[in-house]
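Coordinates as given in my_file-v6.csv (CSV, C-alpha atoms):
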```csv
chain,number,residue,atom,x,y,z
H,1,MET,CA,42.0,16.7,-6.3
H,2,GLU,CA,42.1,14.9,-2.9
H,3,ASN,CA,40.1,17.6,-1.3
H,4,TYR,CA,37.5,17.4,-4.0
H,5,GLN,CA,37.2,13.6,-3.6
H,6,ASN,CA,36.8,14.0,0.2
H,7,TYR,CA,34.1,16.6,-0.4
H,8,TYR,CA,32.3,14.4,-2.9
H,9,SER,CA,32.5,11.4,-0.5
H,10,GLN,CA,31.2,13.4,2.4
H,11,THR,CA,28.3,14.8,0.3
H,12,GLU,CA,27.4,11.3,-0.9
H,13,GLN,CA,27.4,10.0,2.6
H,14,ALA,CA,25.2,12.9,3.8
H,15,LEU,CA,22.8,12.2,1.0
H,16,ASP,CA,22.7,8.4,1.8
H,17,SER,CA,22.1,9.2,5.4
H,18,LYS,CA,19.2,11.6,4.5
H,19,VAL,CA,17.6,9.1,2.2
H,20,SER,CA,18.0,6.3,4.8
H,21,ALA,CA,16.4,8.5,7.4
H,22,VAL,CA,13.4,9.3,5.2
H,23,MET,CA,12.9,5.7,4.2
H,24,LYS,CA,12.9,4.6,7.8
H,25,ARG,CA,10.1,7.1,8.5
H,26,VAL,CA,8.2,5.8,5.5
H,27,TYR,CA,8.4,2.2,6.7
H,28,VAL,CA,7.6,3.1,10.3
H,29,LYS,CA,4.5,5.1,9.3
H,30,MET,CA,3.4,2.3,7.0
H,31,PHE,CA,3.9,-0.4,9.7
H,32,LEU,CA,1.9,1.7,12.2
H,33,ALA,CA,-0.9,2.2,9.7
H,34,LEU,CA,-1.1,-1.5,9.1
H,35,LEU,CA,-1.3,-2.2,12.8
H,36,VAL,CA,-4.2,0.4,13.1
H,37,THR,CA,-6.0,-1.3,10.2
H,38,ALA,CA,-5.5,-4.8,11.7
H,39,PHE,CA,-6.8,-3.7,15.1
H,40,VAL,CA,-9.8,-1.9,13.7
H,41,SER,CA,-10.7,-4.9,11.5
H,42,LEU,CA,-10.3,-7.4,14.4
H,43,PHE,CA,-12.4,-5.1,16.7
H,44,CYS,CA,-15.3,-4.9,14.2
H,45,ALA,CA,-15.1,-8.6,13.4
H,46,ALA,CA,-15.4,-9.4,17.2
H,47,SER,CA,-18.3,-7.0,17.7
H,48,PRO,CA,-21.7,-8.5,17.2
H,49,SER,CA,-23.2,-5.0,17.0
H,50,ALA,CA,-20.8,-4.0,14.3
H,51,ILE,CA,-21.6,-7.2,12.3
H,52,SER,CA,-25.3,-6.6,12.8
H,53,PHE,CA,-25.1,-3.0,11.6
H,54,PHE,CA,-23.1,-3.8,8.5
H,55,THR,CA,-25.3,-6.8,7.7
H,56,THR,CA,-28.5,-4.7,7.8
H,57,HIS,CA,-26.9,-1.7,6.2
H,58,SER,CA,-24.9,-3.2,3.3
H,59,GLY,CA,-25.0,0.1,1.3
H,60,PHE,CA,-22.9,1.6,4.1
H,61,MET,CA,-19.8,-0.1,2.6
H,62,TRP,CA,-20.2,1.9,-0.5
H,63,GLY,CA,-20.1,5.0,1.7
H,64,ILE,CA,-16.9,3.7,3.3
H,65,LEU,CA,-15.4,3.2,-0.2
H,66,ILE,CA,-16.2,6.8,-1.2
H,67,VAL,CA,-14.7,8.1,2.0
H,68,GLU,CA,-11.5,6.1,1.3
H,69,LEU,CA,-11.2,7.5,-2.2
H,70,VAL,CA,-11.8,11.0,-0.9
H,71,LEU,CA,-9.0,10.6,1.7
H,72,VAL,CA,-6.6,9.2,-0.8
H,73,PHE,CA,-7.2,12.0,-3.3
H,74,ALA,CA,-7.1,14.6,-0.5
H,75,ILE,CA,-3.7,13.3,0.8
H,76,THR,CA,-2.1,12.9,-2.6
H,77,GLY,CA,-3.6,16.0,-4.3
H,78,ALA,CA,-3.4,18.5,-1.5
H,79,ILE,CA,-0.5,17.4,0.6
H,80,ASN,CA,1.6,20.5,-0.3
H,81,LYS,CA,-1.2,22.8,0.9
H,82,MET,CA,-1.6,21.1,4.3
H,83,SER,CA,0.6,20.8,7.3
H,84,SER,CA,2.7,17.7,8.0
H,85,GLY,CA,0.5,17.0,11.1
H,86,THR,CA,-2.7,17.2,9.0
H,87,ALA,CA,-1.3,14.9,6.4
H,88,THR,CA,-0.3,12.3,9.0
H,89,MET,CA,-3.7,12.6,10.7
H,90,LEU,CA,-5.5,12.0,7.4
H,91,PHE,CA,-3.3,9.0,6.6
H,92,PHE,CA,-4.1,7.3,9.9
H,93,LEU,CA,-7.8,8.2,9.5
H,94,PHE,CA,-7.6,6.4,6.1
H,95,ALA,CA,-6.0,3.4,7.9
H,96,ILE,CA,-8.9,3.4,10.4
H,97,VAL,CA,-11.6,3.6,7.6
H,98,ASN,CA,-9.8,0.9,5.7
H,99,GLY,CA,-9.9,-1.3,8.7
H,100,VAL,CA,-13.7,-1.0,8.8
H,101,ALA,CA,-13.9,-1.8,5.1
H,102,LEU,CA,-11.7,-4.9,5.5
H,103,PHE,CA,-13.2,-6.5,8.6
H,104,PRO,CA,-15.5,-8.9,6.5
H,105,ILE,CA,-12.5,-10.9,5.5
H,106,PHE,CA,-12.3,-12.2,9.1
H,107,LEU,CA,-15.9,-13.5,8.7
H,108,VAL,CA,-15.2,-15.1,5.3
H,109,TYR,CA,-11.7,-16.6,5.8
H,110,THR,CA,-10.2,-18.6,8.7
H,111,GLY,CA,-7.8,-16.7,11.0
H,112,VAL,CA,-5.0,-19.2,10.3
H,113,SER,CA,-5.2,-18.6,6.5
H,114,ILE,CA,-5.3,-14.9,7.0
H,115,ALA,CA,-2.2,-15.0,9.2
H,116,LYS,CA,-0.5,-17.3,6.7
H,117,THR,CA,-1.3,-14.9,3.8
H,118,PHE,CA,-0.1,-11.9,5.8
H,119,PHE,CA,3.3,-13.5,6.3
H,120,ILE,CA,3.5,-14.5,2.6
H,121,THR,CA,2.6,-10.9,1.7
H,122,ALA,CA,5.1,-9.5,4.1
H,123,GLY,CA,7.9,-11.7,2.7
H,124,THR,CA,7.0,-10.9,-0.9
H,125,PHE,CA,6.6,-7.2,-0.2
H,126,GLY,CA,9.9,-7.0,1.7
H,127,ALA,CA,11.8,-8.7,-1.1
H,128,MET,CA,10.4,-6.5,-3.8
H,129,SER,CA,10.9,-3.3,-1.7
H,130,ILE,CA,14.5,-4.3,-1.0
H,131,TYR,CA,15.0,-4.9,-4.7
H,132,GLY,CA,13.5,-1.5,-5.6
H,133,TYR,CA,15.7,0.2,-3.0
H,134,PHE,CA,19.0,-1.3,-4.0
H,135,THR,CA,18.7,-2.0,-7.7
H,136,SER,CA,20.6,0.2,-10.1
H,137,GLN,CA,18.1,-0.5,-12.9
H,138,ASP,CA,15.7,2.3,-13.7
H,139,LEU,CA,12.3,1.0,-13.0
H,140,SER,CA,10.4,4.2,-14.3
H,141,LYS,CA,9.8,2.6,-17.7
H,142,TRP,CA,7.9,-0.2,-15.9
H,143,GLY,CA,6.0,2.3,-13.8
H,144,SER,CA,3.9,3.6,-16.7
H,145,VAL,CA,3.2,0.1,-17.8
H,146,LEU,CA,2.1,-1.0,-14.3
H,147,VAL,CA,-0.1,2.0,-13.9
H,148,MET,CA,-1.9,1.3,-17.2
H,149,ALA,CA,-2.2,-2.4,-16.2
H,150,LEU,CA,-3.7,-1.3,-12.9
H,151,PHE,CA,-6.4,0.7,-14.6
H,152,GLY,CA,-7.1,-2.3,-16.8
H,153,LEU,CA,-7.3,-4.4,-13.7
H,154,ILE,CA,-9.9,-2.0,-12.1
H,155,ILE,CA,-12.0,-2.1,-15.3
H,156,CYS,CA,-11.9,-5.9,-15.4
H,157,SER,CA,-12.8,-6.1,-11.7
H,158,VAL,CA,-15.8,-3.9,-12.2
H,159,VAL,CA,-16.9,-5.9,-15.3
H,160,ASN,CA,-16.6,-9.1,-13.3
H,161,ILE,CA,-18.9,-7.7,-10.6
H,162,PHE,CA,-21.7,-8.0,-13.0
H,163,TRP,CA,-20.4,-11.0,-15.0
H,164,ALA,CA,-19.4,-13.0,-11.9
H,165,ASN,CA,-17.2,-15.4,-13.8
H,166,SER,CA,-15.1,-17.5,-11.4
H,167,THR,CA,-12.3,-18.3,-14.0
H,168,PHE,CA,-12.0,-14.6,-14.9
H,169,GLU,CA,-11.8,-13.8,-11.2
H,170,TRP,CA,-8.8,-16.1,-10.8
H,171,ILE,CA,-7.1,-14.4,-13.8
H,172,ILE,CA,-7.8,-11.0,-12.3
H,173,SER,CA,-6.3,-12.2,-9.0
H,174,GLY,CA,-3.2,-13.5,-10.6
H,175,ALA,CA,-2.7,-10.3,-12.6
H,176,GLY,CA,-3.3,-8.3,-9.4
H,177,VAL,CA,-0.5,-10.1,-7.6
H,178,LEU,CA,1.9,-9.5,-10.4
H,179,ILE,CA,0.9,-5.8,-10.8
H,180,PHE,CA,1.3,-5.0,-7.1
H,181,VAL,CA,4.6,-6.9,-6.8
H,182,GLY,CA,5.9,-4.7,-9.6
H,183,LEU,CA,4.4,-1.6,-8.1
H,184,THR,CA,6.1,-2.3,-4.7
H,185,ALA,CA,9.5,-2.2,-6.3
H,186,TRP,CA,8.7,0.8,-8.5
H,187,ASP,CA,7.1,2.8,-5.7
H,188,THR,CA,10.1,2.1,-3.4
H,189,GLN,CA,12.6,3.3,-6.0
H,190,LYS,CA,10.4,6.4,-6.7
H,191,ILE,CA,10.2,7.3,-3.0
H,192,LYS,CA,14.0,6.9,-2.7
H,193,SER,CA,14.5,9.3,-5.6
H,194,TRP,CA,12.1,11.8,-4.0
H,195,ALA,CA,13.9,11.5,-0.7
H,196,ALA,CA,17.2,12.3,-2.4
H,197,ALA,CA,15.9,15.4,-4.1
H,198,ALA,CA,13.5,16.7,-1.4
H,199,PRO,CA,14.4,19.7,0.8
H,200,ALA,CA,14.8,18.9,4.5
H,201,GLU,CA,11.6,20.8,5.5
H,202,SER,CA,9.4,18.5,3.3
H,203,THR,CA,10.7,15.1,4.4
H,204,SER,CA,7.9,14.6,6.9
H,205,LYS,CA,5.2,15.1,4.2
H,206,LEU,CA,7.2,12.9,1.9
H,207,ALA,CA,7.3,10.2,4.5
H,208,THR,CA,3.5,10.3,4.7
H,209,ILE,CA,2.9,10.1,1.0
H,210,GLY,CA,5.5,7.4,0.6
H,211,ALA,CA,3.9,5.4,3.5
H,212,LEU,CA,0.5,5.7,1.8
H,213,SER,CA,1.8,4.4,-1.5
H,214,LEU,CA,3.5,1.4,0.1
H,215,TYR,CA,0.6,0.8,2.4
H,216,LEU,CA,-1.8,0.6,-0.6
H,217,ASP,CA,0.7,-1.8,-2.4
H,218,PHE,CA,0.8,-4.0,0.7
H,219,ILE,CA,-2.9,-4.1,1.3
H,220,ASN,CA,-3.8,-4.8,-2.3
H,221,LEU,CA,-1.1,-7.5,-2.6
H,222,PHE,CA,-2.5,-9.1,0.6
H,223,LEU,CA,-6.1,-9.1,-0.7
H,224,TYR,CA,-5.1,-10.7,-4.1
H,225,LEU,CA,-2.9,-13.3,-2.4
H,226,LEU,CA,-5.8,-14.1,0.0
H,227,ARG,CA,-7.9,-15.3,-2.9
H,228,PHE,CA,-5.2,-18.0,-3.5
H,229,PHE,CA,-4.2,-18.9,0.1
H,230,GLY,CA,-7.4,-18.0,2.1
H,231,ASN,CA,-9.5,-20.9,3.4
H,232,SER,CA,-13.2,-20.3,3.7
H,233,ARG,CA,-14.9,-20.7,7.0
H,234,ASP,CA,-17.7,-22.7,5.3
```

So that I can check it, write out the structure of this file as structure tokens.
Amino acid sequence: MENYQNYYSQTEQALDSKVSAVMKRVYVKMFLALLVTAFVSLFCAASPSAISFFTTHSGFMWGILIVELVLVFAITGAINKMSSGTATMLFFLFAIVNGVALFPIFLVYTGVSIAKTFFITAGTFGAMSIYGYFTSQDLSKWGSVLVMALFGLIICSVVNIFWANSTFEWIISGAGVLIFVGLTAWDTQKIKSWAAAAPAESTSKLATIGALSLYLDFINLFLYLLRFFGNSRD
């Protein structure tokens, strides 16, 4: 009996160590991708030629959006068919493209309010990710609700592009914050579960797909919070 308990304890410790190692890789990749996005955005915002190009070619942003969607679907849909290096390369390519897409926020909001919102986002994200990692509560039942709410949020956002109702926009922003706060906790728990079940040879790909999920949660949470805490340059 004692031998069985020792074996069980060693197995559990090995599993915890494996999950911890995978989660560290997830957070490192996510942090590096955020740095890449930030540097690209700052570079574009400080470049008069980049500003001039995007001002005179406003339709180019729609092309950027399409490229982003293609990259996300390529990484999530075909990650099992590509090498770990290719998946990582596409992930950081997405971070670069997203940096180009986000640089206008530096022209609309003050740098101080962007920095303030970033730290608020980081604190909120960190708290919810820690909760998702350590909670014993099964968050999967909330996951399906949050995903449906996310689709509803996207539909409402598209409608408001044409309606342009400021009150409705504030409601959408508030809902967006709540949805991505919840998704952060759920995605963290989901990635942890994947890490526990995944074979050792697939952990690198898992780290990439996990980093992408949490990266998207962070970026979207930041953008919705920016609507509340961002101060306009005007």

- Message: Could you list, as a list of chain:residue names, every residue within 12 Å of Ser83 in chain H, counting all atoms listed in the file and ignoring same-chain residues fewer than 3 positions away?
- Response: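 Contacts, in chain order: H:Ile75, H:Ala78, H:Ile79, H:Asn80, H:Thr86, H:Ala87, H:Thr88, H:Met89, H:Leu90, H:Glu201, H:Ser202, H:Thr203, H:Ser204, H:Lys205, H:Leu206, H:Thr208.
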
- Out of H:Phe168, H:Phe39, H:Trp163, H:Phe222, which residue has the shortest atom-to-atom distance to Ala95 in chain H when counting only C-alpha atoms? H:Phe39

- Selected residue, from H:Ala175, H:Val19, H:Leu216, H:Leu42, that lies nearest to Ala200 in chain H when counting all atoms listed in the file: H:Val19

- Nearest-residue call for Trp186 in chain H, choices H:Met82, H:Met128, H:Ile209, H:Val159, using only C-alpha atoms: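 Checking each of H:Met82, H:Met128, H:Ile209, H:Val159 against Trp186 in chain H, counting only C-alpha atoms, the winner is H:Met128.
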
Please identify every residue of range 92-184 of chain H that has at least one atom no farther than 12 Å from an atom of range 193-199 of chain H, counting all atoms listed in the file, and for each give the shortest atom pair and the distance in Å to one decimal, arranged by chain then increasing number, as CSV.
```
residue,atom,partner,partner_atom,distance
H:Gly132,CA,H:Ser193,CA,10.8
H:Tyr133,CA,H:Ser193,CA,9.5
H:Phe134,CA,H:Ser193,CA,11.6
H:Ser136,CA,H:Ser193,CA,11.8
H:Asp138,CA,H:Ser193,CA,10.8
H:Leu139,CA,H:Ser193,CA,11.3
H:Ser140,CA,H:Ser193,CA,10.9
```

- Task: Mind giving me the straight-line distance from CA of Gly174 in chain H to CA of Lys116 in chain H in Å, one decimal?
- Result: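 Distance between the two atoms: 17.9 Å.
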
- Can you pull out every residue within 7 Å of range 100-105 of chain H, counting all atoms listed in the file, but drop anything in the same chain fewer than 6 positions away, and send it as an MDAnalysis selection string? chainID H and resid 40:42 44:45 61 64

- Task: Mind giving me the straight-line distance from CA of Phe162 in chain H to CA of Ala50 in chain H in Å, one decimal?
- Result: 27.6 Å

- Task: Identify which of the residues H:Thr121, H:Val108, H:Val147, H:Arg227 lies closest to Ser166 in chain H, counting all atoms listed in the file when measuring atom-to-atom distances.
- Result: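 Closest residue, counting all atoms listed in the file: H:Arg227.
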
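Interatomic distance, CA of Ala127 in chain H against CA of Trp170 in chain H: 23.9 Å.
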
- Given only C-alpha atoms as the counted atoms, nearest of H:Phe125, H:Leu150, H:Val28, H:Glu169 to Thr188 in chain H: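 Among H:Phe125, H:Leu150, H:Val28, H:Glu169, it is H:Phe125 that comes nearest to Thr188 in chain H.
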
- Using all atoms listed in the file, the shortest atom-to-atom distance to Val67 in chain H among H:Leu93, H:Ile130, H:Leu221, H:Ala211 belongs to H:Leu93

Save C-alpha atoms of range 170-220 of chain H from the block above as a PDB file, in the first residue's frame.
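Output file result-v1.pdb is given in full below:
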```
ATOM      1  CA  TRP H 170     -20.859  51.557 -24.184  1.00  0.00           C
ATOM      2  CA  ILE H 171     -23.073  48.535 -23.527  1.00  0.00           C
ATOM      3  CA  ILE H 172     -21.071  46.495 -26.037  1.00  0.00           C
ATOM      4  CA  SER H 173     -17.820  47.599 -24.391  1.00  0.00           C
ATOM      5  CA  GLY H 174     -19.035  46.601 -20.927  1.00  0.00           C
ATOM      6  CA  ALA H 175     -20.198  43.235 -22.209  1.00  0.00           C
ATOM      7  CA  GLY H 176     -16.864  42.765 -23.983  1.00  0.00           C
ATOM      8  CA  VAL H 177     -14.943  43.307 -20.747  1.00  0.00           C
ATOM      9  CA  LEU H 178     -17.068  40.764 -18.884  1.00  0.00           C
ATOM     10  CA  ILE H 179     -16.865  38.194 -21.685  1.00  0.00           C
ATOM     11  CA  PHE H 180     -13.079  38.347 -22.027  1.00  0.00           C
ATOM     12  CA  VAL H 181     -12.576  38.335 -18.277  1.00  0.00           C
ATOM     13  CA  GLY H 182     -14.502  35.071 -18.203  1.00  0.00           C
ATOM     14  CA  LEU H 183     -12.753  33.690 -21.292  1.00  0.00           C
ATOM     15  CA  THR H 184      -9.360  34.328 -19.704  1.00  0.00           C
ATOM     16  CA  ALA H 185     -10.176  32.073 -16.760  1.00  0.00           C
ATOM     17  CA  TRP H 186     -11.807  29.424 -18.959  1.00  0.00           C
ATOM     18  CA  ASP H 187      -9.010  29.366 -21.535  1.00  0.00           C
ATOM     19  CA  THR H 188      -6.392  29.051 -18.778  1.00  0.00           C
ATOM     20  CA  GLN H 189      -8.161  26.062 -17.250  1.00  0.00           C
ATOM     21  CA  LYS H 190      -8.654  24.519 -20.699  1.00  0.00           C
ATOM     22  CA  ILE H 191      -4.973  24.899 -21.592  1.00  0.00           C
ATOM     23  CA  LYS H 192      -3.998  23.399 -18.239  1.00  0.00           C
ATOM     24  CA  SER H 193      -6.211  20.383 -18.954  1.00  0.00           C
ATOM     25  CA  TRP H 194      -4.698  20.012 -22.421  1.00  0.00           C
ATOM     26  CA  ALA H 195      -1.205  20.172 -20.948  1.00  0.00           C
ATOM     27  CA  ALA H 196      -2.005  17.392 -18.495  1.00  0.00           C
ATOM     28  CA  ALA H 197      -3.319  15.087 -21.224  1.00  0.00           C
ATOM     29  CA  ALA H 198      -0.984  15.944 -24.117  1.00  0.00           C
ATOM     30  CA  PRO H 199       1.936  13.666 -25.040  1.00  0.00           C
ATOM     31  CA  ALA H 200       5.397  15.139 -24.543  1.00  0.00           C
ATOM     32  CA  GLU H 201       6.072  15.516 -28.283  1.00  0.00           C
ATOM     33  CA  SER H 202       3.089  17.851 -28.770  1.00  0.00           C
ATOM     34  CA  THR H 203       3.736  20.255 -25.900  1.00  0.00           C
ATOM     35  CA  SER H 204       5.484  22.807 -28.124  1.00  0.00           C
ATOM     36  CA  LYS H 205       2.469  23.093 -30.429  1.00  0.00           C
ATOM     37  CA  LEU H 206       0.203  23.197 -27.390  1.00  0.00           C
ATOM     38  CA  ALA H 207       2.235  26.095 -26.002  1.00  0.00           C
ATOM     39  CA  THR H 208       1.709  27.986 -29.274  1.00  0.00           C
ATOM     40  CA  ILE H 209      -2.044  27.428 -29.475  1.00  0.00           C
ATOM     41  CA  GLY H 210      -2.382  28.220 -25.778  1.00  0.00           C
ATOM     42  CA  ALA H 211      -0.363  31.410 -26.155  1.00  0.00           C
ATOM     43  CA  LEU H 212      -2.552  32.452 -29.086  1.00  0.00           C
ATOM     44  CA  SER H 213      -5.748  31.945 -27.062  1.00  0.00           C
ATOM     45  CA  LEU H 214      -4.517  33.962 -24.093  1.00  0.00           C
ATOM     46  CA  TYR H 215      -2.958  36.596 -26.367  1.00  0.00           C
ATOM     47  CA  LEU H 216      -6.342  37.171 -28.033  1.00  0.00           C
ATOM     48  CA  ASP H 217      -8.036  37.344 -24.624  1.00  0.00           C
ATOM     49  CA  PHE H 218      -5.519  39.946 -23.433  1.00  0.00           C
ATOM     50  CA  ILE H 219      -5.674  42.097 -26.554  1.00  0.00           C
ATOM     51  CA  ASN H 220      -9.478  42.138 -26.680  1.00  0.00           C
TER      52      ASN H 220
END
```
